[in-house]
Amino acid sequence: MNEQAQLVAVAGAAAAALVAEMVKGSWSAARDAAACAFRRAGEEESERQLSRLEADHAQADSLDPALLRDRWQRRLLTLMEDYPDAAADLAALAGLYTDEPSGGVSQTAAGNSGPVIQVGRDNFGGLSTGGS
């Protein structure tokens, strides 16, 4: 993966984390991680971006999450392009969130003409290799 693609991936993951955490009780951890990254740009820019972040947080329930993610991905990408050291801070922010639901794992195999065996860790229950 080239450097620009890596920056886009980190910015996207960090933006997804920010937006997801805006509507959860753990918002302060995401905000603090973003603040750490924004401080790389200086106090004035940091305050400006945090004001924007707080405004979006206040309206998160009424805004389209996809548009919010795109907005913050662009802002975070610009931050990393101007301040490459911010990439580590944003990677830490991205690590706060995974888009996988908590709880169990669901596996599905569809459109198969023969038997299917799904293997994973901590399997409980029966194993069926017969066709249906």
# chains A, B, ... in the order shown; residues from 1 in each chain; ligands from 1

$ residues_around --residues "Tyr97 of chain A" --least-positions-apart "3" --cutoff "9 Å" --atoms "only C-alpha atoms" --output "list in words"
Ala13, Ala14, Ala16, Ala17, Leu18, Ala20, Glu21, Leu93, Ala94 and Glu100 of chain A

$ residues_around --residues "Pro84 of chain A" --least-positions-apart "5" --cutoff "10 Å" --atoms "only C-alpha atoms" --output "PyMOL selection string"
chain A and resi 7+40+77-79+89

$ write_last_selection --atoms "C-alpha atoms" --output "compact mmCIF listing (two decimals), in the first residue's frame"
# COMPACT_ATOMS: atom_id res chain seq x y z
CA LEU A 7 -2.95 8.02 5.17
CA ARG A 40 0.37 18.88 16.60
CA LEU A 77 -6.16 13.46 6.27
CA THR A 78 -5.20 17.13 5.91
CA LEU A 79 -3.84 17.08 9.46
CA ASP A 89 -2.19 9.69 17.35

$ closest_residue --among "A:Leu50, A:Met22, A:Ala15, A:Ala88" --to "Leu67 of chain A" --atoms "only C-alpha atoms"
A:Ala15

$ residues_around --residues "Ala91 of chain A" --least-positions-apart "4" --cutoff "7 Å" --atoms "only C-alpha atoms" --output "number ranges by chain"
A: 10, 14, 87, 95

$ select_by_dssp --residues "segment 61-97 of chain A" --states "helix (DSSP H, G or I)" --output "ChimeraX atom specification"
/A:61-62,65-82,86-94

$ write_last_selection --atoms "N, CA and C atoms" --output "tab-separated table (two decimals), in the first residue's frame"
chain	number	residue	atom	x	y	z
A	61	ASP	N	-26.91	13.24	16.52
A	61	ASP	CA	-28.16	12.48	16.33
A	61	ASP	C	-28.93	12.91	15.10
A	62	SER	N	-28.74	14.16	14.66
A	62	SER	CA	-29.51	14.65	13.52
A	62	SER	C	-28.70	14.72	12.23
A	65	PRO	N	-24.41	9.98	9.53
A	65	PRO	CA	-23.10	9.47	9.94
A	65	PRO	C	-22.10	9.36	8.79
A	66	ALA	N	-22.56	9.00	7.61
A	66	ALA	CA	-21.65	8.88	6.46
A	66	ALA	C	-21.06	10.24	6.09
A	67	LEU	N	-21.89	11.28	6.13
A	67	LEU	CA	-21.39	12.62	5.83
A	67	LEU	C	-20.41	13.09	6.90
A	68	LEU	N	-20.71	12.78	8.15
A	68	LEU	CA	-19.79	13.12	9.24
A	68	LEU	C	-18.45	12.41	9.08
A	69	ARG	N	-18.50	11.12	8.76
A	69	ARG	CA	-17.25	10.37	8.56
A	69	ARG	C	-16.43	10.99	7.42
A	70	ASP	N	-17.10	11.32	6.32
A	70	ASP	CA	-16.39	11.93	5.19
A	70	ASP	C	-15.77	13.26	5.59
A	71	ARG	N	-16.53	14.07	6.31
A	71	ARG	CA	-16.04	15.38	6.76
A	71	ARG	C	-14.79	15.23	7.61
A	72	TRP	N	-14.86	14.32	8.58
A	72	TRP	CA	-13.74	14.16	9.49
A	72	TRP	C	-12.58	13.41	8.85
A	73	GLN	N	-12.87	12.56	7.91
A	73	GLN	CA	-11.78	11.90	7.19
A	73	GLN	C	-10.96	12.94	6.43
A	74	ARG	N	-11.63	13.87	5.75
A	74	ARG	CA	-10.92	14.93	5.02
A	74	ARG	C	-10.08	15.78	5.98
A	75	ARG	N	-10.67	16.16	7.11
A	75	ARG	CA	-9.95	17.00	8.06
A	75	ARG	C	-8.74	16.26	8.65
A	76	LEU	N	-8.92	15.00	8.99
A	76	LEU	CA	-7.83	14.23	9.58
A	76	LEU	C	-6.75	13.91	8.56
A	77	LEU	N	-7.13	13.70	7.33
A	77	LEU	CA	-6.16	13.46	6.27
A	77	LEU	C	-5.31	14.71	6.06
A	78	THR	N	-5.94	15.87	6.03
A	78	THR	CA	-5.20	17.13	5.91
A	78	THR	C	-4.24	17.31	7.08
A	79	LEU	N	-4.70	16.99	8.27
A	79	LEU	CA	-3.84	17.08	9.46
A	79	LEU	C	-2.59	16.21	9.30
A	80	MET	N	-2.79	14.96	8.86
A	80	MET	CA	-1.65	14.06	8.71
A	80	MET	C	-0.71	14.49	7.58
A	81	GLU	N	-1.27	15.06	6.52
A	81	GLU	CA	-0.42	15.53	5.43
A	81	GLU	C	0.45	16.70	5.89
A	82	ASP	N	-0.13	17.58	6.71
A	82	ASP	CA	0.61	18.74	7.21
A	82	ASP	C	1.51	18.39	8.39
A	86	ALA	N	1.16	13.20	13.43
A	86	ALA	CA	-0.20	12.99	13.91
A	86	ALA	C	-0.74	11.61	13.54
A	87	ALA	N	-0.12	10.94	12.58
A	87	ALA	CA	-0.59	9.63	12.15
A	87	ALA	C	-0.63	8.63	13.30
A	88	ALA	N	0.37	8.68	14.17
A	88	ALA	CA	0.39	7.76	15.32
A	88	ALA	C	-0.77	8.04	16.27
A	89	ASP	N	-1.07	9.32	16.48
A	89	ASP	CA	-2.19	9.69	17.35
A	89	ASP	C	-3.52	9.21	16.75
A	90	LEU	N	-3.65	9.37	15.44
A	90	LEU	CA	-4.90	8.97	14.79
A	90	LEU	C	-5.03	7.46	14.71
A	91	ALA	N	-3.91	6.76	14.59
A	91	ALA	CA	-3.97	5.29	14.63
A	91	ALA	C	-4.45	4.83	16.00
A	92	ALA	N	-4.01	5.51	17.05
A	92	ALA	CA	-4.49	5.18	18.40
A	92	ALA	C	-5.98	5.46	18.52
A	93	LEU	N	-6.43	6.56	17.95
A	93	LEU	CA	-7.85	6.89	17.95
A	93	LEU	C	-8.64	5.82	17.21
A	94	ALA	N	-8.14	5.41	16.05
A	94	ALA	CA	-8.83	4.38	15.27
A	94	ALA	C	-8.92	3.08	16.05

$ residues_around --residues "Arg52 of chain A" --least-positions-apart "5" --cutoff "12 Å" --atoms "only C-alpha atoms" --output "number ranges by chain"
A: 31, 34-35, 38, 45-47, 57-60, 68, 71-72, 75

$ atom_distance --atom1 "atom CA of Ala9 of chain A" --atom2 "atom CA of Asp56 of chain A"
21.7 Å
